[in-house]
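> Sharing protein.txt here; it has compact mmCIF, C-alpha atoms.
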```
# COMPACT_ATOMS: atom_id res chain seq x y z
CA MET D 1 56.27 -65.45 -47.18
CA ASP D 2 58.10 -68.40 -45.69
CA GLY D 3 58.24 -70.35 -48.93
CA ASP D 4 57.96 -74.13 -49.22
CA LEU D 5 59.21 -76.17 -46.28
CA ILE D 6 61.95 -78.46 -47.62
CA ALA D 7 63.76 -79.65 -44.48
CA ARG D 8 63.29 -79.85 -40.74
CA GLY D 9 66.03 -80.33 -38.15
CA ARG D 10 66.07 -80.69 -34.38
CA ALA D 11 65.92 -76.92 -33.87
CA SER D 12 65.27 -75.36 -37.27
CA THR D 13 63.31 -75.44 -40.51
CA VAL D 14 64.49 -74.68 -44.04
CA HIS D 15 62.23 -73.06 -46.63
CA ASP D 16 62.71 -72.51 -50.35
CA LEU D 17 62.00 -68.85 -51.15
CA GLY D 18 62.60 -69.29 -54.87
CA GLY D 19 65.13 -67.43 -56.96
CA GLY D 20 68.01 -69.46 -55.54
CA ARG D 21 67.28 -68.37 -51.96
CA LEU D 22 66.72 -70.38 -48.78
CA LEU D 23 65.31 -69.30 -45.44
CA ARG D 24 66.70 -71.08 -42.37
CA ARG D 25 64.52 -70.37 -39.33
CA ALA D 26 65.91 -71.42 -35.94
CA PRO D 27 63.81 -70.02 -33.06
CA GLY D 28 66.00 -68.69 -30.28
CA SER D 29 69.09 -68.37 -32.45
CA ASP D 30 70.93 -65.14 -33.32
CA ALA D 31 70.89 -65.09 -37.12
CA GLU D 32 72.82 -61.82 -37.33
CA ARG D 33 75.69 -63.22 -35.28
CA GLU D 34 75.67 -66.43 -37.34
CA ALA D 35 75.73 -64.41 -40.54
CA SER D 36 78.72 -62.43 -39.25
CA VAL D 37 80.59 -65.65 -38.42
CA MET D 38 79.82 -67.12 -41.86
CA ARG D 39 81.10 -64.00 -43.62
CA HIS D 40 84.23 -64.11 -41.45
CA ALA D 41 84.84 -67.77 -42.35
CA ALA D 42 84.25 -67.04 -46.05
CA SER D 43 86.79 -64.20 -45.97
CA PHE D 44 89.46 -66.78 -45.05
CA GLY D 45 88.50 -69.24 -47.77
CA VAL D 46 86.04 -71.53 -45.99
CA PRO D 47 83.24 -72.50 -48.42
CA VAL D 48 79.91 -71.38 -46.94
CA PRO D 49 76.57 -70.35 -48.47
CA ARG D 50 76.45 -66.65 -49.32
CA VAL D 51 74.41 -64.77 -46.72
CA LEU D 52 71.74 -62.52 -48.20
CA GLU D 53 69.87 -61.31 -45.12
CA ALA D 54 69.73 -61.92 -41.37
CA ASN D 55 66.98 -60.80 -39.03
CA GLY D 56 66.20 -62.17 -35.57
CA SER D 57 66.24 -65.96 -35.91
CA ASP D 58 65.78 -65.89 -39.70
CA LEU D 59 68.74 -66.34 -42.03
CA VAL D 60 68.33 -65.99 -45.81
CA MET D 61 71.12 -67.58 -47.85
CA GLU D 62 71.86 -68.61 -51.38
CA ARG D 63 70.60 -72.10 -52.19
CA VAL D 64 73.46 -74.58 -52.64
CA ASP D 65 72.40 -77.59 -54.69
CA GLY D 66 73.86 -81.05 -54.31
CA PRO D 67 73.67 -84.11 -52.07
CA THR D 68 74.95 -84.07 -48.52
CA LEU D 69 78.22 -85.81 -47.79
CA ALA D 70 76.16 -88.33 -45.79
CA ALA D 71 74.20 -89.20 -48.95
CA GLU D 72 77.42 -89.56 -50.91
CA LEU D 73 78.84 -91.93 -48.28
CA LEU D 74 75.73 -94.10 -48.59
CA ALA D 75 75.84 -94.02 -52.38
CA ARG D 76 79.59 -94.67 -52.69
CA PRO D 77 80.74 -96.66 -49.62
CA GLN D 78 83.71 -97.99 -51.59
CA GLN D 79 85.10 -94.43 -51.61
CA LEU D 80 84.71 -93.92 -47.86
CA ALA D 81 88.32 -92.88 -47.23
CA GLU D 82 88.24 -90.33 -50.05
CA LEU D 83 84.89 -88.88 -48.98
CA VAL D 84 85.82 -88.62 -45.30
CA GLN D 85 88.88 -86.67 -46.41
CA VAL D 86 86.41 -83.87 -47.18
CA LEU D 87 85.72 -83.48 -43.44
CA ALA D 88 89.43 -83.36 -42.66
CA GLY D 89 89.95 -80.82 -45.43
CA LEU D 90 87.30 -78.49 -44.02
CA HIS D 91 88.90 -78.75 -40.58
CA ALA D 92 92.25 -77.85 -42.15
CA LEU D 93 90.70 -74.73 -43.68
CA LEU D 94 89.26 -73.74 -40.29
CA ASP D 95 92.75 -74.10 -38.76
CA GLU D 96 93.66 -70.91 -40.63
CA VAL D 97 90.68 -68.83 -39.49
CA PRO D 98 91.31 -66.52 -36.49
CA PRO D 99 88.62 -65.92 -33.87
CA ALA D 100 85.50 -64.25 -35.23
CA PRO D 101 84.59 -60.88 -33.71
CA GLY D 102 81.41 -61.15 -31.66
CA ALA D 103 81.34 -64.95 -31.60
CA PRO D 104 81.03 -66.67 -28.20
CA TRP D 105 83.99 -68.44 -26.65
CA VAL D 106 84.24 -72.08 -25.62
CA GLY D 107 87.07 -72.47 -23.15
CA ALA D 108 89.64 -69.81 -22.34
CA GLU D 109 90.50 -66.94 -24.66
CA THR D 110 94.05 -67.61 -25.85
CA GLY D 111 96.28 -66.55 -28.68
CA GLU D 112 96.04 -70.07 -30.11
CA ALA D 113 92.24 -69.99 -30.40
CA ARG D 114 90.61 -70.23 -33.81
CA LEU D 115 87.11 -70.34 -35.24
CA VAL D 116 85.34 -73.63 -34.44
CA HIS D 117 82.21 -74.94 -36.14
CA LEU D 118 81.35 -77.57 -33.48
CA ASP D 119 78.87 -79.41 -35.74
CA LEU D 120 81.05 -80.41 -38.68
CA HIS D 121 79.75 -83.79 -39.86
CA PRO D 122 78.50 -85.41 -43.10
CA LEU D 123 74.94 -84.05 -42.85
CA ASN D 124 76.25 -80.48 -42.69
CA VAL D 125 78.37 -80.67 -45.83
CA ILE D 126 76.77 -80.13 -49.23
CA CYS D 127 78.65 -81.66 -52.15
CA SER D 128 77.97 -78.95 -54.73
CA PRO D 129 79.23 -79.07 -58.33
CA SER D 130 81.95 -76.59 -57.37
CA GLY D 131 83.05 -78.44 -54.23
CA PRO D 132 82.02 -79.04 -50.61
CA VAL D 133 80.08 -76.31 -48.79
CA LEU D 134 79.85 -76.22 -44.99
CA ILE D 135 76.41 -75.30 -43.64
CA ASP D 136 74.65 -74.84 -40.25
CA TRP D 137 76.87 -72.42 -38.33
CA THR D 138 74.46 -72.08 -35.40
CA ASP D 139 76.95 -73.51 -32.87
CA ALA D 140 80.06 -71.78 -34.25
CA ALA D 141 82.32 -70.15 -31.68
CA ASN D 142 85.94 -69.32 -30.91
CA GLY D 143 88.01 -71.96 -29.19
CA SER D 144 90.26 -74.98 -29.58
CA ARG D 145 90.63 -76.59 -32.99
CA ALA D 146 91.29 -79.91 -31.21
CA MET D 147 87.85 -79.63 -29.63
CA ASP D 148 86.30 -79.02 -33.05
CA ARG D 149 87.95 -82.13 -34.50
CA ALA D 150 86.91 -84.11 -31.44
CA SER D 151 83.31 -82.94 -31.90
CA THR D 152 83.30 -84.55 -35.35
CA TRP D 153 84.86 -87.70 -33.89
CA LEU D 154 82.06 -87.92 -31.33
CA VAL D 155 79.32 -87.46 -33.92
CA LEU D 156 80.71 -90.26 -36.07
CA ALA D 157 81.45 -92.59 -33.16
CA CYS D 158 78.54 -91.95 -30.82
CA HIS D 159 75.53 -90.24 -32.40
CA GLU D 160 72.71 -92.10 -34.10
CA LEU D 161 73.64 -92.66 -37.74
CA PRO D 162 71.27 -93.28 -40.66
CA ALA D 163 69.62 -96.69 -40.41
CA GLU D 164 71.33 -97.81 -43.62
CA VAL D 165 74.73 -97.19 -41.99
CA GLU D 166 73.79 -98.71 -38.64
CA ALA D 167 72.76 -101.90 -40.47
CA ILE D 168 76.22 -102.46 -42.01
CA PRO D 169 78.55 -104.37 -39.64
CA GLY D 170 81.69 -102.37 -38.93
CA ALA D 171 80.54 -99.29 -40.89
CA ARG D 172 80.70 -96.93 -37.91
CA GLU D 173 84.18 -98.10 -36.95
CA ALA D 174 85.42 -97.73 -40.53
CA LEU D 175 84.01 -94.21 -40.72
CA VAL D 176 85.70 -93.18 -37.47
CA GLU D 177 89.06 -94.68 -38.38
CA ALA D 178 89.01 -93.06 -41.82
CA PHE D 179 88.31 -89.67 -40.26
CA LEU D 180 91.01 -89.98 -37.60
CA ALA D 181 93.54 -91.15 -40.20
CA ALA D 182 92.79 -88.05 -42.28
CA ALA D 183 92.33 -85.48 -39.50
CA GLY D 184 94.95 -86.76 -37.04
CA ARG D 185 94.07 -88.91 -34.06
CA GLU D 186 96.27 -87.10 -31.54
CA ARG D 187 95.21 -83.67 -32.82
CA SER D 188 91.61 -84.73 -32.21
CA ARG D 189 92.15 -86.57 -28.92
CA GLY D 190 93.42 -83.41 -27.24
CA GLY D 191 89.92 -81.91 -27.38
CA LEU D 192 87.93 -85.05 -26.61
CA GLU D 193 87.16 -84.35 -22.95
CA ALA D 194 85.95 -80.80 -23.64
CA ALA D 195 83.89 -81.86 -26.65
CA ALA D 196 82.32 -84.74 -24.73
CA ALA D 197 81.44 -82.52 -21.77
CA ARG D 198 79.65 -80.16 -24.14
CA GLN D 199 77.75 -82.92 -25.94
CA LEU D 200 76.86 -84.80 -22.77
CA ALA D 201 75.00 -81.66 -21.69
CA GLN D 202 72.84 -81.90 -24.83
CA ASP D 203 69.72 -84.00 -25.29
CA LEU D 204 71.21 -86.57 -27.66
CA GLY D 205 69.72 -89.68 -26.09
CA GLU D 206 71.12 -92.09 -23.52
CA ARG D 207 72.58 -94.42 -26.14
CA ALA D 208 74.74 -91.64 -27.58
CA HIS D 209 75.77 -90.53 -24.10
CA ALA D 210 76.70 -94.10 -23.13
CA ARG D 211 78.86 -94.41 -26.23
CA MET D 212 80.63 -91.16 -25.35
CA ARG D 213 81.43 -92.35 -21.86
CA ALA D 214 82.69 -95.65 -23.25
CA LEU D 215 84.88 -93.81 -25.76
CA LEU D 216 86.39 -91.59 -23.07
CA ALA D 217 87.12 -94.65 -20.93
CA SER D 218 88.74 -96.47 -23.86
CA GLU D 219 91.02 -93.45 -24.37
CA GLY D 220 91.98 -93.36 -20.69
CA LEU D 221 90.27 -90.01 -20.16
CA ALA D 222 88.05 -88.76 -17.33
CA VAL D 223 84.48 -90.02 -17.62
CA PRO D 224 81.73 -87.70 -16.28
CA ALA D 225 79.10 -89.34 -14.10
CA PRO D 226 75.75 -90.03 -15.80
```
In structure tokens, how does this file's structure come out?

Amino acid sequence: MDGDLIARGRASTVHDLGGGRLLRRAPGSDAEREASVMRHAASFGVPVPRVLEANGSDLVMERVDGPTLAAELLARPQQLAELVQVLAGLHALLDEVPPAPGAPWVGAETGEARLVHLDLHPLNVICSPSGPVLIDWTDAANGSRAMDRASTWLVLACHELPAEVEAIPGAREALVEAFLAAAGRERSRGGLEAAAARQLAQDLGERAHARMRALLASEGLAVPAP
């Protein structure tokens, strides 16, 4: 049984199997590889849901209860700087994780490479009673930590945000600046071109792509043609 459908993303669905278990189904994904990466990250102290089973594109994990970090930001905007620090803290944990065996590579294989999540943003962090938990490891790979930080920067600065956030003047800018202050602007900027090239190849909408090109130009970096 698939259980009750409780969430739907761009490329996946999440079902409640009961007994504290969730099924994440992402057609075309390699759940066994993702499970291996998650276990690797967990072995180095990164908080991830415990993997129970992986088969084809189906991943069964423990259910982690709590609001997303995005929901917390909406509920407690006065604590924006403190909440965004959670993202920077997760990046700092990933800095200590060596490349995962069997994971794909983004960029050249070097001795400085680490595990990269590549989709670390407020919707993919669950604020559980025991602390933040990083979910959705579908895009995880081995590569540059600067590129991983830059990927978060691009999501916050360029992707479509919840309507409640978009409606608040200056909210996006405040979110970006709080993240860069916590994560390190220069440490993130070093991966901006590579992260933007990857995201510009995705179907994120022309508005998001236009924002990315504008951000690259504002940073004095090469801007890919539309």
> As an exercise, work out the distance from CA of Glu82 in chain D to CA of Leu69 in chain D in Å and give it to one decimal place.
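Computing the Euclidean distance for CA of Glu82 in chain D and CA of Leu69 in chain D yields 11.2 Å.
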> Can you list, as a list in words, every protein, DNA or RNA residue that comes within 12 Å of Ala163 in chain D when you count all atoms listed in the file, leaving out same-chain residues fewer than 6 positions away?
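Answer for this query is Ala70, Leu74, Pro169, Ala171 and Arg172 of chain D.
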> Could you check the closest approach to Asp58 in chain D for each of D:His121, D:Arg145, D:Arg25, D:His15 and tell me which residue wins, using all atoms listed in the file?
D:Arg25
> May I ask which of the residues D:Ala183, D:Val86, D:Leu154, D:Val165 is the closest one to Val125 in chain D, counting only C-alpha atoms?
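Between D:Ala183, D:Val86, D:Leu154, D:Val165, the residue approaching Val125 in chain D most closely is D:Val86.
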> Residues near range 217-226 of chain D, anyone? I mean within 9 Å using only C-alpha atoms, not counting same-chain ones fewer than 6 positions away, as number ranges by chain.
D: 189, 192-193, 196-197, 200, 209-210
> Can you pull out every residue within 8 Å of Pro104 in chain D, counting all atoms listed in the file, but drop anything in the same chain fewer than 2 positions away, and send it as a list of chain:residue names?
D:Gly102, D:Val106, D:Ala140, D:Ala141, D:Asn142
> Could you tell me how far CA of Gly143 in chain D lies from CA of Glu109 in chain D, in Å and to one decimal?
7.2 Å
> To one decimal in Å, tell me the separation between CA of Gly45 in chain D and CA of Ala31 in chain D.
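Interatomic distance here is 21.0 Å.
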> Which polymer residues, protein or nucleic acid, are no farther than 10 Å from (76.4, -68.3, -34.9), counting all atoms listed in the file, as a PyMOL selection string?
chain D and resi 29-38+100+102-104+117+136-141
> I'd like the contact shell of range 61-63 of chain D - 10 Å cut-off, all atoms listed in the file, skipping same-chain residues fewer than 5 positions apart - returned as a short mmCIF file (atom, residue, chain, number, x, y, z; two decimals) with C-alpha atoms, in the frame of the given file.

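Result written to part.cif:
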```
data_model
loop_
_atom_site.label_atom_id
_atom_site.label_comp_id
_atom_site.auth_asym_id
_atom_site.auth_seq_id
_atom_site.Cartn_x
_atom_site.Cartn_y
_atom_site.Cartn_z
CA ASP D 16 62.71 -72.51 -50.35
CA LEU D 17 62.00 -68.85 -51.15
CA GLY D 18 62.60 -69.29 -54.87
CA GLY D 19 65.13 -67.43 -56.96
CA GLY D 20 68.01 -69.46 -55.54
CA ARG D 21 67.28 -68.37 -51.96
CA LEU D 22 66.72 -70.38 -48.78
CA LEU D 23 65.31 -69.30 -45.44
CA ARG D 24 66.70 -71.08 -42.37
CA ALA D 35 75.73 -64.41 -40.54
CA VAL D 48 79.91 -71.38 -46.94
CA PRO D 49 76.57 -70.35 -48.47
CA ARG D 50 76.45 -66.65 -49.32
CA VAL D 51 74.41 -64.77 -46.72
CA LEU D 52 71.74 -62.52 -48.20
CA GLU D 53 69.87 -61.31 -45.12
CA ALA D 54 69.73 -61.92 -41.37
#
```
> Counting all atoms listed in the file, which residues sit no farther than 12 Å from the position (69.3, -96.7, -46.2) in the file's frame? I'd like them as a list in words.
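Within 12 Å of (69.3, -96.7, -46.2), the protein and nucleic acid residues are Ala70, Ala71, Glu72, Leu73, Leu74, Ala75, Pro77, Leu161, Pro162, Ala163, Glu164, Val165, Glu166, Ala167 and Ile168 of chain D.
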> For Ser144 in chain D, which residue among D:Gln202, D:Gln79, D:Gln85, D:Ser188 is the nearest when counting only C-alpha atoms?
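Closest to Ser144 in chain D, using only C-alpha atoms: D:Ser188.
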> So, counting only C-alpha atoms, which residue among D:Ala42, D:Val84, D:Val116, D:Ala92 is closest to Leu156 in chain D?
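Using only C-alpha atoms, the shortest distance to Leu156 in chain D belongs to D:Val84.
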> So, counting all atoms listed in the file, which residue among D:Pro101, D:Pro67, D:Pro132, D:Pro27 is closest to Arg10 in chain D?
D:Pro27
> For a quick check of understanding, using only C-alpha atoms, which of D:Ala157, D:Leu180, D:Arg76, D:Gly190 has the smallest distance to Arg213 in chain D?
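Using only C-alpha atoms, the shortest distance to Arg213 in chain D belongs to D:Ala157.
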